[in-house]
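Source file: structure-v3.pdb (PDB, C-alpha atoms and all ligand atoms)
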ATOM      1  CA  MET A   1       8.727  39.716 -37.169  1.00  0.00           C
ATOM      2  CA  ASP A   2       4.915  39.839 -37.274  1.00  0.00           C
ATOM      3  CA  VAL A   3       3.048  39.086 -34.083  1.00  0.00           C
ATOM      4  CA  ASN A   4      -0.581  37.992 -34.225  1.00  0.00           C
ATOM      5  CA  ARG A   5      -2.031  37.877 -30.736  1.00  0.00           C
ATOM      6  CA  SER A   6      -5.681  36.960 -30.214  1.00  0.00           C
ATOM      7  CA  ARG A   7      -7.497  37.163 -26.914  1.00  0.00           C
ATOM      8  CA  HIS A   8     -10.881  35.687 -26.206  1.00  0.00           C
ATOM      9  CA  ARG A   9     -12.983  36.363 -23.174  1.00  0.00           C
ATOM     10  CA  LEU A  10     -15.184  33.508 -22.041  1.00  0.00           C
ATOM     11  CA  LEU A  11     -18.193  34.219 -19.871  1.00  0.00           C
ATOM     12  CA  ILE A  12     -20.104  31.703 -17.760  1.00  0.00           C
ATOM     13  CA  VAL A  13     -23.670  32.221 -16.602  1.00  0.00           C
ATOM     14  CA  GLU A  14     -23.322  30.167 -13.448  1.00  0.00           C
ATOM     15  CA  GLN A  15     -27.039  29.962 -12.725  1.00  0.00           C
ATOM     16  CA  ARG A  16     -27.541  28.114 -16.006  1.00  0.00           C
ATOM     17  CA  CYS A  17     -24.738  25.606 -15.515  1.00  0.00           C
ATOM     18  CA  ILE A  18     -26.035  22.111 -14.734  1.00  0.00           C
ATOM     19  CA  GLY A  19     -22.554  20.693 -14.150  1.00  0.00           C
ATOM     20  CA  CYS A  20     -22.563  18.211 -17.018  1.00  0.00           C
ATOM     21  CA  GLY A  21     -18.838  18.707 -17.625  1.00  0.00           C
ATOM     22  CA  ASN A  22     -19.135  18.752 -21.419  1.00  0.00           C
ATOM     23  CA  CYS A  23     -17.213  21.990 -21.747  1.00  0.00           C
ATOM     24  CA  VAL A  24     -14.410  20.776 -19.475  1.00  0.00           C
ATOM     25  CA  ILE A  25     -13.976  17.656 -21.592  1.00  0.00           C
ATOM     26  CA  GLU A  26     -14.122  19.452 -24.937  1.00  0.00           C
ATOM     27  CA  CYS A  27     -11.840  22.389 -24.147  1.00  0.00           C
ATOM     28  CA  PRO A  28      -8.522  21.633 -25.870  1.00  0.00           C
ATOM     29  CA  VAL A  29      -6.478  23.841 -23.572  1.00  0.00           C
ATOM     30  CA  GLN A  30      -7.908  23.181 -20.079  1.00  0.00           C
ATOM     31  CA  VAL A  31      -9.405  26.599 -19.504  1.00  0.00           C
ATOM     32  CA  LEU A  32     -12.261  25.146 -17.460  1.00  0.00           C
ATOM     33  CA  GLN A  33     -12.778  23.004 -14.381  1.00  0.00           C
ATOM     34  CA  LEU A  34     -15.797  21.786 -12.466  1.00  0.00           C
ATOM     35  CA  HIS A  35     -15.884  22.972  -8.885  1.00  0.00           C
ATOM     36  CA  PRO A  36     -15.656  19.822  -6.736  1.00  0.00           C
ATOM     37  CA  VAL A  37     -18.355  20.946  -4.317  1.00  0.00           C
ATOM     38  CA  THR A  38     -20.779  23.134  -6.252  1.00  0.00           C
ATOM     39  CA  LYS A  39     -20.370  21.179  -9.528  1.00  0.00           C
ATOM     40  CA  LYS A  40     -20.501  24.489 -11.368  1.00  0.00           C
ATOM     41  CA  VAL A  41     -17.969  25.150 -14.047  1.00  0.00           C
ATOM     42  CA  LYS A  42     -15.325  27.746 -13.362  1.00  0.00           C
ATOM     43  CA  ILE A  43     -12.763  29.492 -15.526  1.00  0.00           C
ATOM     44  CA  VAL A  44      -9.281  28.569 -14.386  1.00  0.00           C
ATOM     45  CA  TYR A  45      -6.955  29.701 -17.151  1.00  0.00           C
ATOM     46  CA  GLN A  46      -8.803  32.371 -19.120  1.00  0.00           C
ATOM     47  CA  GLU A  47      -5.581  33.466 -20.770  1.00  0.00           C
ATOM     48  CA  LEU A  48      -5.219  30.107 -22.522  1.00  0.00           C
ATOM     49  CA  CYS A  49      -8.540  30.365 -24.362  1.00  0.00           C
ATOM     50  CA  ILE A  50      -8.105  30.164 -28.124  1.00  0.00           C
ATOM     51  CA  GLY A  51     -11.724  31.025 -28.917  1.00  0.00           C
ATOM     52  CA  CYS A  52     -12.567  27.706 -30.553  1.00  0.00           C
ATOM     53  CA  TYR A  53     -16.215  27.836 -29.378  1.00  0.00           C
ATOM     54  CA  SER A  54     -16.223  24.120 -28.469  1.00  0.00           C
ATOM     55  CA  CYS A  55     -17.490  24.853 -24.968  1.00  0.00           C
ATOM     56  CA  VAL A  56     -20.267  27.026 -26.351  1.00  0.00           C
ATOM     57  CA  GLN A  57     -21.341  24.365 -28.835  1.00  0.00           C
ATOM     58  CA  VAL A  58     -21.521  21.498 -26.343  1.00  0.00           C
ATOM     59  CA  CYS A  59     -23.257  23.322 -23.503  1.00  0.00           C
ATOM     60  CA  PRO A  60     -26.842  22.058 -23.214  1.00  0.00           C
ATOM     61  CA  SER A  61     -27.996  25.052 -21.206  1.00  0.00           C
ATOM     62  CA  ASP A  62     -26.374  28.007 -22.971  1.00  0.00           C
ATOM     63  CA  ALA A  63     -24.272  28.774 -19.928  1.00  0.00           C
ATOM     64  CA  THR A  64     -21.107  29.610 -21.871  1.00  0.00           C
ATOM     65  CA  CYS A  65     -20.523  32.432 -24.290  1.00  0.00           C
ATOM     66  CA  LEU A  66     -17.571  34.197 -25.803  1.00  0.00           C
ATOM     67  CA  GLU A  67     -17.313  37.939 -25.955  1.00  0.00           C
ATOM     68  CA  ASP A  68     -16.370  39.207 -29.376  1.00  0.00           C
ATOM     69  CA  PRO A  69     -12.655  38.598 -29.514  1.00  0.00           C
ATOM     70  CA  TYR A  70     -10.349  41.329 -30.609  1.00  0.00           C
ATOM     71  CA  THR A  71      -7.284  40.598 -32.614  1.00  0.00           C
ATOM     72  CA  MET A  72      -4.205  42.723 -32.395  1.00  0.00           C
ATOM     73  CA  PHE A  73      -1.699  42.718 -35.206  1.00  0.00           C
ATOM     74  CA  VAL A  74       1.750  44.133 -34.599  1.00  0.00           C
ATOM     75  CA  GLN A  75       3.885  44.547 -37.690  1.00  0.00           C
TER      76      GLN A  75
HETATM   77  S1  LIG B   1     -13.591  28.690 -26.517  1.00  0.00           S
HETATM   78 FE1  LIG B   1     -12.367  26.782 -26.781  1.00  0.00          FE
HETATM   79  S2  LIG B   1     -10.425  27.230 -25.780  1.00  0.00           S
HETATM   80 FE2  LIG B   1     -11.871  28.768 -25.040  1.00  0.00          FE
HETATM   81  S3  LIG B   1     -12.705  27.907 -23.127  1.00  0.00           S
HETATM   82 FE3  LIG B   1     -14.094  27.311 -24.799  1.00  0.00          FE
HETATM   83  S4  LIG B   1     -13.399  25.282 -25.467  1.00  0.00           S
HETATM   84 FE4  LIG B   1     -11.721  26.212 -24.256  1.00  0.00          FE
HETATM   85  S1  LIG B   2     -21.306  22.461 -20.712  1.00  0.00           S
HETATM   86 FE1  LIG B   2     -22.582  24.084 -19.835  1.00  0.00          FE
HETATM   87  S2  LIG B   2     -23.858  23.070 -18.320  1.00  0.00           S
HETATM   88 FE2  LIG B   2     -22.181  21.655 -18.799  1.00  0.00          FE
HETATM   89  S3  LIG B   2     -20.605  22.109 -17.231  1.00  0.00           S
HETATM   90 FE3  LIG B   2     -20.150  23.384 -19.025  1.00  0.00          FE
HETATM   91  S4  LIG B   2     -21.179  25.366 -18.609  1.00  0.00           S
HETATM   92 FE4  LIG B   2     -22.050  23.821 -17.213  1.00  0.00          FE
END

Would you kindly transcribe this structure into structure tokens?
Amino acid sequence: MDVNRSRHRLLIVEQRCIGCGNCVIECPVQVLQLHPVTKKVKIVYQELCIGCYSCVQVCPSDATCLEDPYTMFVQ
């Protein structure tokens, strides 16, 4: 059986985050949460990230970015 496993590493530049929550709302797999006190976004379940770039696209302050994902194919 072929296994196609992709991993994506999301990075947050916390100083740029204005706490709008756009990325939390748009993430389809609940990788992100807003900290209840600081109102800065934090990565909660990095391992769930599917690399869809939604959080990057909706961030008004360029606080989110994805490292180049690597894809591992096992045949
Ligand atoms: S790239 Fe997609 S899956 Fe990953 S954290 Fe951003 S919105 Fe969520
Ligand atoms: S979209 Fe950008 S500014 Fe808004 S909460 Fe997410 S990281 Fe912060």

Show me, as a list in words, the residues that have an atom within 12 Å of Cys52 of chain A when counting only C-alpha atoms, minus same-chain residues fewer than 5 positions from it. Ser6, Arg7, His8, Arg9, Leu10, Cys23, Glu26, Cys27, Pro28, Val29, Val31, Gln57, Val58, Cys65, Leu66 and Pro69 of chain A

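Atom pair atom CA of Tyr53 of chain A / atom CA of Ile18 of chain A: separated by 18.5 Å.
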
Using all atoms listed in the file, what are the residues with an atom within 10 Å of ligand LIG 2 (chain B), set out as a ChimeraX atom specification? /A:11-27,32-35,39-43,54-65

Writer output for current selection, C-alpha atoms, as a CSV table (one decimal), in the coordinates of the input:
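New file selection-v4.csv:
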chain,number,residue,atom,x,y,z
A,11,LEU,CA,-18.2,34.2,-19.9
A,12,ILE,CA,-20.1,31.7,-17.8
A,13,VAL,CA,-23.7,32.2,-16.6
A,14,GLU,CA,-23.3,30.2,-13.4
A,15,GLN,CA,-27.0,30.0,-12.7
A,16,ARG,CA,-27.5,28.1,-16.0
A,17,CYS,CA,-24.7,25.6,-15.5
A,18,ILE,CA,-26.0,22.1,-14.7
A,19,GLY,CA,-22.6,20.7,-14.2
A,20,CYS,CA,-22.6,18.2,-17.0
A,21,GLY,CA,-18.8,18.7,-17.6
A,22,ASN,CA,-19.1,18.8,-21.4
A,23,CYS,CA,-17.2,22.0,-21.7
A,24,VAL,CA,-14.4,20.8,-19.5
A,25,ILE,CA,-14.0,17.7,-21.6
A,26,GLU,CA,-14.1,19.5,-24.9
A,27,CYS,CA,-11.8,22.4,-24.1
A,32,LEU,CA,-12.3,25.1,-17.5
A,33,GLN,CA,-12.8,23.0,-14.4
A,34,LEU,CA,-15.8,21.8,-12.5
A,35,HIS,CA,-15.9,23.0,-8.9
A,39,LYS,CA,-20.4,21.2,-9.5
A,40,LYS,CA,-20.5,24.5,-11.4
A,41,VAL,CA,-18.0,25.2,-14.0
A,42,LYS,CA,-15.3,27.7,-13.4
A,43,ILE,CA,-12.8,29.5,-15.5
A,54,SER,CA,-16.2,24.1,-28.5
A,55,CYS,CA,-17.5,24.9,-25.0
A,56,VAL,CA,-20.3,27.0,-26.4
A,57,GLN,CA,-21.3,24.4,-28.8
A,58,VAL,CA,-21.5,21.5,-26.3
A,59,CYS,CA,-23.3,23.3,-23.5
A,60,PRO,CA,-26.8,22.1,-23.2
A,61,SER,CA,-28.0,25.1,-21.2
A,62,ASP,CA,-26.4,28.0,-23.0
A,63,ALA,CA,-24.3,28.8,-19.9
A,64,THR,CA,-21.1,29.6,-21.9
A,65,CYS,CA,-20.5,32.4,-24.3
